[in-house]
$ cat protein28.tsv   # TSV, N, CA and C atoms
chain	number	residue	atom	x	y	z
Q	158	MET	N	33.57	30.21	5.94
Q	158	MET	CA	33.98	31.58	6.21
Q	158	MET	C	34.33	32.30	4.92
Q	159	SER	N	35.03	31.60	4.02
Q	159	SER	CA	35.43	32.26	2.78
Q	159	SER	C	34.23	32.62	1.91
Q	160	THR	N	33.18	31.79	1.94
Q	160	THR	CA	31.98	32.11	1.15
Q	160	THR	C	31.35	33.40	1.66
Q	161	TYR	N	31.21	33.52	2.98
Q	161	TYR	CA	30.64	34.72	3.58
Q	161	TYR	C	31.48	35.94	3.21
Q	162	MET	N	32.77	35.85	3.39
Q	162	MET	CA	33.64	37.00	3.14
Q	162	MET	C	33.66	37.38	1.67
Q	163	THR	N	33.65	36.40	0.80
Q	163	THR	CA	33.62	36.69	-0.63
Q	163	THR	C	32.30	37.37	-0.99
Q	164	PHE	N	31.19	36.86	-0.46
Q	164	PHE	CA	29.89	37.47	-0.72
Q	164	PHE	C	29.86	38.92	-0.24
Q	165	ILE	N	30.29	39.15	1.00
Q	165	ILE	CA	30.31	40.50	1.56
Q	165	ILE	C	31.21	41.40	0.71
Q	166	GLY	N	32.36	40.89	0.32
Q	166	GLY	CA	33.29	41.68	-0.50
Q	166	GLY	C	32.71	42.05	-1.85
Q	167	VAL	N	32.09	41.09	-2.50
Q	167	VAL	CA	31.51	41.35	-3.83
Q	167	VAL	C	30.33	42.32	-3.72
Q	168	MET	N	29.47	42.13	-2.72
Q	168	MET	CA	28.32	43.03	-2.56
Q	168	MET	C	28.79	44.46	-2.27
Q	169	ASN	N	29.83	44.61	-1.47
Q	169	ASN	CA	30.35	45.95	-1.20
Q	169	ASN	C	30.99	46.54	-2.45
Q	170	SER	N	31.63	45.71	-3.23
Q	170	SER	CA	32.22	46.20	-4.48
Q	170	SER	C	31.13	46.67	-5.44
Q	171	LEU	N	30.02	45.94	-5.49
Q	171	LEU	CA	28.88	46.39	-6.29
Q	171	LEU	C	28.28	47.67	-5.70
Q	172	GLY	N	28.30	47.77	-4.38
Q	172	GLY	CA	27.83	48.98	-3.72
Q	172	GLY	C	28.63	50.21	-4.12
Q	173	VAL	N	29.92	50.01	-4.37
Q	173	VAL	CA	30.75	51.12	-4.85
Q	173	VAL	C	30.20	51.66	-6.17
Q	174	LEU	N	29.77	50.76	-7.03
Q	174	LEU	CA	29.22	51.19	-8.32
Q	174	LEU	C	27.94	52.02	-8.11
Q	175	LEU	N	27.09	51.58	-7.18
Q	175	LEU	CA	25.87	52.36	-6.89
Q	175	LEU	C	26.22	53.73	-6.30
Q	176	LEU	N	27.20	53.76	-5.42
Q	176	LEU	CA	27.61	55.04	-4.83
Q	176	LEU	C	28.22	55.96	-5.88
Q	177	LEU	N	29.00	55.40	-6.79
Q	177	LEU	CA	29.54	56.22	-7.88
Q	177	LEU	C	28.40	56.78	-8.71
Q	178	GLY	N	27.40	55.95	-8.98
Q	178	GLY	CA	26.23	56.42	-9.72
Q	178	GLY	C	25.50	57.52	-8.97
Q	179	ALA	N	25.50	57.41	-7.63
Q	179	ALA	CA	24.79	58.39	-6.80
Q	179	ALA	C	25.44	59.77	-6.83
Q	180	LEU	N	26.64	59.87	-7.39
Q	180	LEU	CA	27.23	61.20	-7.58
Q	180	LEU	C	26.38	62.02	-8.53
Q	181	SER	N	25.62	61.34	-9.40
Q	181	SER	CA	24.66	62.00	-10.28
Q	181	SER	C	23.36	62.17	-9.49
Q	182	GLU	N	22.91	63.40	-9.38
Q	182	GLU	CA	21.71	63.68	-8.59
Q	182	GLU	C	20.46	62.93	-9.09
Q	183	PRO	N	20.21	62.87	-10.41
Q	183	PRO	CA	19.03	62.11	-10.86
Q	183	PRO	C	19.11	60.62	-10.50
Q	184	PHE	N	20.31	60.04	-10.61
Q	184	PHE	CA	20.47	58.63	-10.24
Q	184	PHE	C	20.28	58.46	-8.74
Q	185	ALA	N	20.85	59.36	-7.93
Q	185	ALA	CA	20.71	59.29	-6.48
Q	185	ALA	C	19.24	59.39	-6.09
Q	186	ASP	N	18.50	60.29	-6.73
Q	186	ASP	CA	17.07	60.42	-6.45
Q	186	ASP	C	16.34	59.13	-6.77
Q	187	SER	N	16.64	58.55	-7.92
Q	187	SER	CA	16.00	57.29	-8.29
Q	187	SER	C	16.34	56.20	-7.28
Q	188	LEU	N	17.59	56.13	-6.87
Q	188	LEU	CA	18.04	55.08	-5.95
Q	188	LEU	C	17.39	55.19	-4.58
Q	189	VAL	N	17.44	56.34	-3.96
Q	189	VAL	CA	17.01	56.45	-2.57
Q	189	VAL	C	15.55	56.83	-2.39
Q	190	ARG	N	14.90	57.27	-3.46
Q	190	ARG	CA	13.50	57.67	-3.31
Q	190	ARG	C	12.57	56.81	-4.15
Q	191	ARG	N	12.82	56.75	-5.44
Q	191	ARG	CA	11.86	56.06	-6.32
Q	191	ARG	C	12.01	54.55	-6.27
Q	192	TRP	N	13.24	54.02	-6.35
Q	192	TRP	CA	13.43	52.57	-6.43
Q	192	TRP	C	13.36	51.88	-5.08
Q	193	THR	N	13.97	52.47	-4.06
Q	193	THR	CA	14.04	51.79	-2.76
Q	193	THR	C	13.04	52.33	-1.75
Q	194	GLY	N	12.56	53.52	-1.92
Q	194	GLY	CA	11.63	54.11	-0.96
Q	194	GLY	C	12.25	54.46	0.37
Q	195	PHE	N	13.57	54.61	0.41
Q	195	PHE	CA	14.23	55.00	1.67
Q	195	PHE	C	13.83	56.41	2.08
Q	196	LEU	N	13.55	57.24	1.10
Q	196	LEU	CA	13.08	58.59	1.38
Q	196	LEU	C	11.63	58.69	0.94
Q	197	PRO	N	10.85	59.57	1.57
Q	197	PRO	CA	9.44	59.71	1.20
Q	197	PRO	C	9.29	60.10	-0.27
Q	198	PRO	N	8.21	59.63	-0.90
Q	198	PRO	CA	8.05	59.84	-2.34
Q	198	PRO	C	7.70	61.27	-2.75
Q	199	ASP	N	7.31	62.12	-1.81
Q	199	ASP	CA	6.80	63.43	-2.18
Q	199	ASP	C	7.87	64.52	-2.36
Q	200	VAL	N	9.10	64.28	-1.92
Q	200	VAL	CA	10.14	65.31	-2.03
Q	200	VAL	C	11.35	64.72	-2.76
Q	201	PRO	N	11.68	65.22	-3.94
Q	201	PRO	CA	12.85	64.70	-4.66
Q	201	PRO	C	14.14	64.90	-3.87
Q	202	TYR	N	15.01	63.92	-3.98
Q	202	TYR	CA	16.31	64.01	-3.32
Q	202	TYR	C	17.23	64.95	-4.11
Q	203	THR	N	17.94	65.80	-3.41
Q	203	THR	CA	18.98	66.61	-4.03
Q	203	THR	C	20.20	66.57	-3.12
Q	204	HIS	N	21.37	66.67	-3.73
Q	204	HIS	CA	22.61	66.72	-2.95
Q	204	HIS	C	22.68	68.05	-2.20
Q	205	SER	N	23.15	67.99	-0.99
Q	205	SER	CA	23.46	69.23	-0.29
Q	205	SER	C	24.77	69.76	-0.87
Q	206	PRO	N	25.17	70.96	-0.49
Q	206	PRO	CA	26.46	71.46	-0.99
Q	206	PRO	C	27.64	70.57	-0.57
Q	207	TYR	N	27.42	69.72	0.44
Q	207	TYR	CA	28.50	68.88	0.96
Q	207	TYR	C	28.31	67.41	0.63
Q	208	GLY	N	27.22	67.07	-0.03
Q	208	GLY	CA	26.87	65.68	-0.26
Q	208	GLY	C	27.90	64.88	-1.04
Q	209	ARG	N	28.51	65.47	-2.03
Q	209	ARG	CA	29.46	64.71	-2.84
Q	209	ARG	C	30.72	64.34	-2.05
Q	210	LEU	N	31.13	65.20	-1.13
Q	210	LEU	CA	32.27	64.86	-0.28
Q	210	LEU	C	31.95	63.63	0.56
Q	211	TRP	N	30.75	63.61	1.15
Q	211	TRP	CA	30.35	62.46	1.94
Q	211	TRP	C	30.23	61.21	1.07
Q	212	LEU	N	29.74	61.36	-0.14
Q	212	LEU	CA	29.66	60.22	-1.05
Q	212	LEU	C	31.04	59.67	-1.37
Q	213	TRP	N	32.01	60.55	-1.61
Q	213	TRP	CA	33.36	60.06	-1.89
Q	213	TRP	C	33.93	59.31	-0.70
Q	214	TRP	N	33.67	59.79	0.51
Q	214	TRP	CA	34.11	59.05	1.69
Q	214	TRP	C	33.45	57.67	1.73
Q	215	ALA	N	32.16	57.61	1.43
Q	215	ALA	CA	31.45	56.33	1.41
Q	215	ALA	C	32.00	55.41	0.32
Q	216	ILE	N	32.31	55.97	-0.84
Q	216	ILE	CA	32.87	55.19	-1.94
Q	216	ILE	C	34.21	54.59	-1.53
Q	217	ILE	N	35.07	55.41	-0.96
Q	217	ILE	CA	36.40	54.94	-0.54
Q	217	ILE	C	36.28	53.88	0.55
Q	218	GLY	N	35.46	54.16	1.57
Q	218	GLY	CA	35.30	53.21	2.67
Q	218	GLY	C	34.68	51.90	2.23
Q	219	THR	N	33.65	51.96	1.39
Q	219	THR	CA	32.99	50.76	0.91
Q	219	THR	C	33.93	49.96	0.02
Q	220	GLY	N	34.71	50.65	-0.79
Q	220	GLY	CA	35.69	49.95	-1.64
Q	220	GLY	C	36.72	49.23	-0.81
Q	221	PHE	N	37.20	49.87	0.23
Q	221	PHE	CA	38.17	49.23	1.13
Q	221	PHE	C	37.55	48.02	1.82
Q	222	PHE	N	36.33	48.20	2.34
Q	222	PHE	CA	35.63	47.13	3.04
Q	222	PHE	C	35.43	45.93	2.10
Q	223	GLY	N	35.04	46.20	0.87
Q	223	GLY	CA	34.85	45.13	-0.11
Q	223	GLY	C	36.14	44.41	-0.44
Q	224	ALA	N	37.18	45.18	-0.73
Q	224	ALA	CA	38.47	44.57	-1.07
Q	224	ALA	C	39.04	43.78	0.10
Q	225	LEU	N	38.94	44.32	1.30
Q	225	LEU	CA	39.47	43.63	2.48
Q	225	LEU	C	38.79	42.28	2.68
Q	226	ASN	N	37.48	42.23	2.51
Q	226	ASN	CA	36.77	40.96	2.67
Q	226	ASN	C	37.16	39.96	1.59
Q	227	ILE	N	37.29	40.42	0.36
Q	227	ILE	CA	37.68	39.51	-0.73
Q	227	ILE	C	39.08	38.97	-0.49
Q	228	ILE	N	40.00	39.83	-0.11
Q	228	ILE	CA	41.38	39.40	0.14
Q	228	ILE	C	41.45	38.47	1.35
Q	229	ALA	N	40.75	38.86	2.44
Q	229	ALA	CA	40.81	38.08	3.68
Q	229	ALA	C	40.12	36.73	3.56
Q	230	ALA	N	39.30	36.54	2.54
Q	230	ALA	CA	38.62	35.26	2.36
Q	230	ALA	C	39.62	34.11	2.17
Q	231	SER	N	40.82	34.43	1.74
Q	231	SER	CA	41.84	33.38	1.54
Q	231	SER	C	42.87	33.32	2.68
Q	232	TRP	N	42.70	34.15	3.69
Q	232	TRP	CA	43.63	34.14	4.82
Q	232	TRP	C	43.38	32.94	5.72
Q	233	PRO	N	44.36	32.60	6.55
Q	233	PRO	CA	44.12	31.56	7.56
Q	233	PRO	C	42.94	31.98	8.45
Q	234	GLU	N	42.20	30.99	8.90
Q	234	GLU	CA	40.94	31.25	9.61
Q	234	GLU	C	41.10	32.16	10.82
Q	235	GLU	N	42.16	32.01	11.59
Q	235	GLU	CA	42.31	32.84	12.79
Q	235	GLU	C	42.48	34.32	12.46
Q	236	TYR	N	43.02	34.64	11.29
Q	236	TYR	CA	43.15	36.04	10.87
Q	236	TYR	C	41.87	36.54	10.20
Q	237	ALA	N	41.29	35.68	9.37
Q	237	ALA	CA	40.07	36.06	8.66
Q	237	ALA	C	38.93	36.32	9.64
Q	238	ARG	N	38.91	35.57	10.74
Q	238	ARG	CA	37.86	35.73	11.73
Q	238	ARG	C	37.82	37.16	12.29
Q	239	VAL	N	38.98	37.80	12.40
Q	239	VAL	CA	39.03	39.18	12.89
Q	239	VAL	C	38.27	40.11	11.94
Q	240	ILE	N	38.39	39.88	10.65
Q	240	ILE	CA	37.66	40.68	9.67
Q	240	ILE	C	36.16	40.40	9.78
Q	241	VAL	N	35.80	39.15	10.02
Q	241	VAL	CA	34.38	38.82	10.21
Q	241	VAL	C	33.84	39.56	11.43
Q	242	TYR	N	34.63	39.65	12.49
Q	242	TYR	CA	34.19	40.42	13.67
Q	242	TYR	C	33.93	41.89	13.28
Q	243	GLY	N	34.78	42.44	12.43
Q	243	GLY	CA	34.56	43.80	11.94
Q	243	GLY	C	33.29	43.90	11.12
Q	244	ASP	N	33.00	42.88	10.31
Q	244	ASP	CA	31.76	42.86	9.54
Q	244	ASP	C	30.55	42.86	10.48
Q	245	ILE	N	30.62	42.02	11.50
Q	245	ILE	CA	29.51	41.93	12.46
Q	245	ILE	C	29.29	43.29	13.12
Q	246	TYR	N	30.35	43.91	13.56
Q	246	TYR	CA	30.25	45.23	14.18
Q	246	TYR	C	29.58	46.22	13.22
Q	247	ALA	N	30.06	46.26	11.98
Q	247	ALA	CA	29.53	47.22	11.01
Q	247	ALA	C	28.05	46.97	10.73
Q	248	TYR	N	27.67	45.73	10.51
Q	248	TYR	CA	26.28	45.46	10.14
Q	248	TYR	C	25.32	45.69	11.29
Q	249	PHE	N	25.73	45.40	12.52
Q	249	PHE	CA	24.83	45.68	13.63
Q	249	PHE	C	24.81	47.17	13.97
Q	250	ALA	N	25.88	47.89	13.70
Q	250	ALA	CA	25.85	49.36	13.83
Q	250	ALA	C	24.92	49.95	12.78
Q	251	PHE	N	24.97	49.41	11.55
Q	251	PHE	CA	24.04	49.86	10.50
Q	251	PHE	C	22.60	49.55	10.91
Q	252	GLU	N	22.40	48.41	11.56
Q	252	GLU	CA	21.05	48.06	12.02
Q	252	GLU	C	20.55	49.07	13.05
Q	253	ALA	N	21.42	49.53	13.94
Q	253	ALA	CA	21.03	50.54	14.92
Q	253	ALA	C	20.56	51.81	14.20
Q	254	LEU	N	21.25	52.19	13.13
Q	254	LEU	CA	20.82	53.35	12.34
Q	254	LEU	C	19.49	53.08	11.65
Q	255	ALA	N	19.30	51.86	11.16
Q	255	ALA	CA	18.04	51.51	10.50
Q	255	ALA	C	16.88	51.57	11.50
Q	256	ILE	N	17.13	51.15	12.73
Q	256	ILE	CA	16.09	51.24	13.76
Q	256	ILE	C	15.72	52.71	13.98
Q	257	ALA	N	16.72	53.55	14.11
Q	257	ALA	CA	16.46	54.98	14.29
Q	257	ALA	C	15.70	55.53	13.09
Q	258	GLY	N	16.07	55.14	11.88
Q	258	GLY	CA	15.39	55.61	10.68
Q	258	GLY	C	13.95	55.13	10.59
Q	259	THR	N	13.69	53.94	11.11
Q	259	THR	CA	12.34	53.39	11.09
Q	259	THR	C	11.38	54.26	11.89
Q	260	PHE	N	11.87	54.83	12.98
Q	260	PHE	CA	11.01	55.63	13.86
Q	260	PHE	C	11.04	57.12	13.53
Q	261	SER	N	11.75	57.48	12.48
Q	261	SER	CA	11.82	58.89	12.09
Q	261	SER	C	10.88	59.17	10.92
Q	262	PRO	N	10.11	60.24	11.00
Q	262	PRO	CA	9.22	60.58	9.88
Q	262	PRO	C	9.97	61.08	8.65
Q	263	ARG	N	11.26	61.31	8.78
Q	263	ARG	CA	12.05	61.83	7.66
Q	263	ARG	C	12.35	60.78	6.61
Q	264	TYR	N	12.13	59.49	6.93
Q	264	TYR	CA	12.50	58.42	6.02
Q	264	TYR	C	11.27	57.65	5.59
Q	265	GLY	N	11.38	56.98	4.45
Q	265	GLY	CA	10.26	56.22	3.90
Q	265	GLY	C	10.25	54.78	4.38
Q	266	LYS	N	9.28	54.04	3.87
Q	266	LYS	CA	9.09	52.65	4.27
Q	266	LYS	C	10.22	51.74	3.78
Q	267	GLY	N	10.98	52.21	2.82
Q	267	GLY	CA	12.09	51.41	2.31
Q	267	GLY	C	13.15	51.11	3.34
Q	268	VAL	N	13.18	51.89	4.41
Q	268	VAL	CA	14.16	51.64	5.47
Q	268	VAL	C	13.92	50.26	6.08
Q	269	LEU	N	12.69	49.78	6.03
Q	269	LEU	CA	12.39	48.46	6.59
Q	269	LEU	C	13.20	47.36	5.91
Q	270	VAL	N	13.49	47.52	4.63
Q	270	VAL	CA	14.29	46.53	3.91
Q	270	VAL	C	15.70	46.43	4.50
Q	271	ALA	N	16.20	47.55	4.98
Q	271	ALA	CA	17.54	47.56	5.56
Q	271	ALA	C	17.64	46.61	6.74
Q	272	HIS	N	16.54	46.42	7.49
Q	272	HIS	CA	16.59	45.50	8.63
Q	272	HIS	C	16.93	44.08	8.17
Q	273	PHE	N	16.34	43.67	7.06
Q	273	PHE	CA	16.63	42.33	6.54
Q	273	PHE	C	18.08	42.22	6.10
Q	274	LEU	N	18.57	43.28	5.46
Q	274	LEU	CA	19.96	43.27	5.00
Q	274	LEU	C	20.93	43.22	6.17
Q	275	TRP	N	20.78	44.14	7.11
Q	275	TRP	CA	21.76	44.25	8.19
Q	275	TRP	C	21.66	43.09	9.17
Q	276	ILE	N	20.45	42.68	9.54
Q	276	ILE	CA	20.31	41.54	10.45
Q	276	ILE	C	20.76	40.26	9.74
Q	277	GLY	N	20.42	40.15	8.46
Q	277	GLY	CA	20.83	38.96	7.70
Q	277	GLY	C	22.34	38.85	7.57
Q	278	GLN	N	22.99	39.92	7.16
Q	278	GLN	CA	24.45	39.88	6.97
Q	278	GLN	C	25.18	39.81	8.31
Q	279	GLY	N	24.70	40.56	9.30
Q	279	GLY	CA	25.32	40.49	10.62
Q	279	GLY	C	25.10	39.14	11.27
Q	280	GLY	N	23.88	38.63	11.16
Q	280	GLY	CA	23.57	37.30	11.73
Q	280	GLY	C	24.36	36.19	11.06
Q	281	TRP	N	24.50	36.27	9.75
Q	281	TRP	CA	25.31	35.29	9.02
Q	281	TRP	C	26.75	35.38	9.51
Q	282	GLY	N	27.22	36.61	9.74
Q	282	GLY	CA	28.58	36.80	10.26
Q	282	GLY	C	28.75	36.16	11.63
Q	283	VAL	N	27.77	36.32	12.51
Q	283	VAL	CA	27.83	35.68	13.84
Q	283	VAL	C	27.88	34.17	13.68
Q	284	PHE	N	27.04	33.63	12.82
Q	284	PHE	CA	27.04	32.19	12.58
Q	284	PHE	C	28.41	31.72	12.09
Q	285	VAL	N	28.98	32.44	11.15
Q	285	VAL	CA	30.30	32.10	10.59
Q	285	VAL	C	31.38	32.20	11.67
Q	286	ALA	N	31.33	33.26	12.47
Q	286	ALA	CA	32.35	33.47	13.51
Q	286	ALA	C	32.29	32.37	14.57
Q	287	LEU	N	31.10	31.87	14.84
Q	287	LEU	CA	30.95	30.84	15.87
Q	287	LEU	C	31.17	29.42	15.35
Q	288	SER	N	31.24	29.28	14.04
Q	288	SER	CA	31.41	27.94	13.44
Q	288	SER	C	32.84	27.46	13.52
$ encode --input "protein28.tsv" --output "structure tokens"
Amino acid sequence: MSTYMTFIGVMNSLGVLLLLGALSEPFADSLVRRWTGFLPPDVPYTHSPYGRLWLWWAIIGTGFFGALNIIAASWPEEYARVIVYGDIYAYFAFEALAIAGTFSPRYGKGVLVAHFLWIGQGGWGVFVALS
């Protein structure tokens, strides 16, 4: 359980760095369009007038999620398991969004990679929770 939680915590902490980078429009465009293909290649990504506020919310939430998993990795199993249940909920909710994105023409083929991430992390969480 602690390996899973530490991994999830570290990956989310690294995600905070990517989100901080995404505050820069050129970096955000590279991340979501050119490097990952989450957005179609023909239209450059630009922040909406409200995009940075949403990014800050994502940065704060992802940072909390990462720190909570790292800290909870050393908790007694009965308490840590509750955090794993939260991880499972989050990753399968993200998977539902990825499914919706897969069928939307507004997103690129890179959304397919998200299925591996969310099913993998959520599935690993289920395995850990049941162990």
$ residues_around --input "protein28.tsv" --residues "Q:Lys266" --least-positions-apart "2" --cutoff "6.5 Å" --atoms "all atoms listed in the file" --output "short mmCIF file (atom, residue, chain, number, x, y, z; two decimals) with N, CA and C atoms, keeping the file's coordinate frame"
data_model
loop_
_atom_site.label_atom_id
_atom_site.label_comp_id
_atom_site.auth_asym_id
_atom_site.auth_seq_id
_atom_site.Cartn_x
_atom_site.Cartn_y
_atom_site.Cartn_z
N THR Q 193 13.97 52.47 -4.06
CA THR Q 193 14.04 51.79 -2.76
C THR Q 193 13.04 52.33 -1.75
N GLY Q 194 12.56 53.52 -1.92
CA GLY Q 194 11.63 54.11 -0.96
C GLY Q 194 12.25 54.46 0.37
N PHE Q 195 13.57 54.61 0.41
CA PHE Q 195 14.23 55.00 1.67
C PHE Q 195 13.83 56.41 2.08
N LEU Q 196 13.55 57.24 1.10
CA LEU Q 196 13.08 58.59 1.38
C LEU Q 196 11.63 58.69 0.94
N PRO Q 197 10.85 59.57 1.57
CA PRO Q 197 9.44 59.71 1.20
C PRO Q 197 9.29 60.10 -0.27
N TYR Q 264 12.13 59.49 6.93
CA TYR Q 264 12.50 58.42 6.02
C TYR Q 264 11.27 57.65 5.59
N VAL Q 268 13.18 51.89 4.41
CA VAL Q 268 14.16 51.64 5.47
C VAL Q 268 13.92 50.26 6.08
N LEU Q 269 12.69 49.78 6.03
CA LEU Q 269 12.39 48.46 6.59
C LEU Q 269 13.20 47.36 5.91
N VAL Q 270 13.49 47.52 4.63
CA VAL Q 270 14.29 46.53 3.91
C VAL Q 270 15.70 46.43 4.50
#
$ atom_distance --input "protein28.tsv" --atom1 "atom N of Q:Ala271" --atom2 "atom C of Q:Ile228"
27.1 Å
$ residues_around --input "protein28.tsv" --residues "stretch 276-286 of chain Q" --least-positions-apart "2" --cutoff "7 Å" --atoms "only C-alpha atoms" --output "MDAnalysis selection string"
chainID Q and resid 158 238 241 244:245 248:249 252 272:274 288
$ residues_around --input "protein28.tsv" --residues "Q:Ser231" --least-positions-apart "4" --cutoff "8 Å" --atoms "only N, CA and C atoms" --output "list in words"
Met158, Ser159, Met162, Thr163, Asn226, Ile227 and Ala237 of chain Q
$ atom_distance --input "protein28.tsv" --atom1 "atom CA of Q:Trp232" --atom2 "atom CA of Q:Ala247"
20.2 Å
$ select_by_dssp --input "protein28.tsv" --residues "stretch 181-279 of chain Q" --states "helix (DSSP H, G or I)" --output "PyMOL selection string"
chain Q and resi 182-192+208-229+234-259+268-279
$ closest_residue --input "protein28.tsv" --among "Q:Leu212, Q:Val239, Q:Ala230, Q:Val200" --to "Q:Leu176" --atoms "only N, CA and C atoms"
Q:Leu212
$ atom_distance --input "protein28.tsv" --atom1 "atom CA of Q:Ser187" --atom2 "atom N of Q:Asp199"
11.9 Å
$ build_atoms --input "protein28.tsv" --residues "stretch 194-210 of chain Q" --atoms "N, CA, C and O atoms" --output "CSV table (one decimal), keeping the file's coordinate frame"
chain,number,residue,atom,x,y,z
Q,194,GLY,N,12.6,53.5,-1.9
Q,194,GLY,CA,11.6,54.1,-1.0
Q,194,GLY,C,12.2,54.5,0.4
Q,194,GLY,O,11.6,54.6,1.4
Q,195,PHE,N,13.6,54.6,0.4
Q,195,PHE,CA,14.2,55.0,1.7
Q,195,PHE,C,13.8,56.4,2.1
Q,195,PHE,O,13.8,56.7,3.3
Q,196,LEU,N,13.6,57.2,1.1
Q,196,LEU,CA,13.1,58.6,1.4
Q,196,LEU,C,11.6,58.7,0.9
Q,196,LEU,O,11.2,58.0,0.0
Q,197,PRO,N,10.8,59.6,1.6
Q,197,PRO,CA,9.4,59.7,1.2
Q,197,PRO,C,9.3,60.1,-0.3
Q,197,PRO,O,10.1,60.8,-0.8
Q,198,PRO,N,8.2,59.6,-0.9
Q,198,PRO,CA,8.0,59.8,-2.3
Q,198,PRO,C,7.7,61.3,-2.8
Q,198,PRO,O,7.8,61.6,-3.9
Q,199,ASP,N,7.3,62.1,-1.8
Q,199,ASP,CA,6.8,63.4,-2.2
Q,199,ASP,C,7.9,64.5,-2.4
Q,199,ASP,O,7.6,65.6,-2.9
Q,200,VAL,N,9.1,64.3,-1.9
Q,200,VAL,CA,10.1,65.3,-2.0
Q,200,VAL,C,11.4,64.7,-2.8
Q,200,VAL,O,12.0,63.8,-2.2
Q,201,PRO,N,11.7,65.2,-3.9
Q,201,PRO,CA,12.8,64.7,-4.7
Q,201,PRO,C,14.1,64.9,-3.9
Q,201,PRO,O,14.3,65.9,-3.2
Q,202,TYR,N,15.0,63.9,-4.0
Q,202,TYR,CA,16.3,64.0,-3.3
Q,202,TYR,C,17.2,65.0,-4.1
Q,202,TYR,O,17.3,64.9,-5.3
Q,203,THR,N,17.9,65.8,-3.4
Q,203,THR,CA,19.0,66.6,-4.0
Q,203,THR,C,20.2,66.6,-3.1
Q,203,THR,O,20.1,66.4,-1.9
Q,204,HIS,N,21.4,66.7,-3.7
Q,204,HIS,CA,22.6,66.7,-3.0
Q,204,HIS,C,22.7,68.0,-2.2
Q,204,HIS,O,22.3,69.1,-2.8
Q,205,SER,N,23.2,68.0,-1.0
Q,205,SER,CA,23.5,69.2,-0.3
Q,205,SER,C,24.8,69.8,-0.9
Q,205,SER,O,25.4,69.1,-1.6
Q,206,PRO,N,25.2,71.0,-0.5
Q,206,PRO,CA,26.5,71.5,-1.0
Q,206,PRO,C,27.6,70.6,-0.6
Q,206,PRO,O,28.7,70.6,-1.2
Q,207,TYR,N,27.4,69.7,0.4
Q,207,TYR,CA,28.5,68.9,1.0
Q,207,TYR,C,28.3,67.4,0.6
Q,207,TYR,O,29.2,66.6,1.0
Q,208,GLY,N,27.2,67.1,0.0
Q,208,GLY,CA,26.9,65.7,-0.3
Q,208,GLY,C,27.9,64.9,-1.0
Q,208,GLY,O,28.1,63.7,-0.7
Q,209,ARG,N,28.5,65.5,-2.0
Q,209,ARG,CA,29.5,64.7,-2.8
Q,209,ARG,C,30.7,64.3,-2.0
Q,209,ARG,O,31.3,63.3,-2.3
Q,210,LEU,N,31.1,65.2,-1.1
Q,210,LEU,CA,32.3,64.9,-0.3
Q,210,LEU,C,32.0,63.6,0.6
Q,210,LEU,O,32.7,62.7,0.6
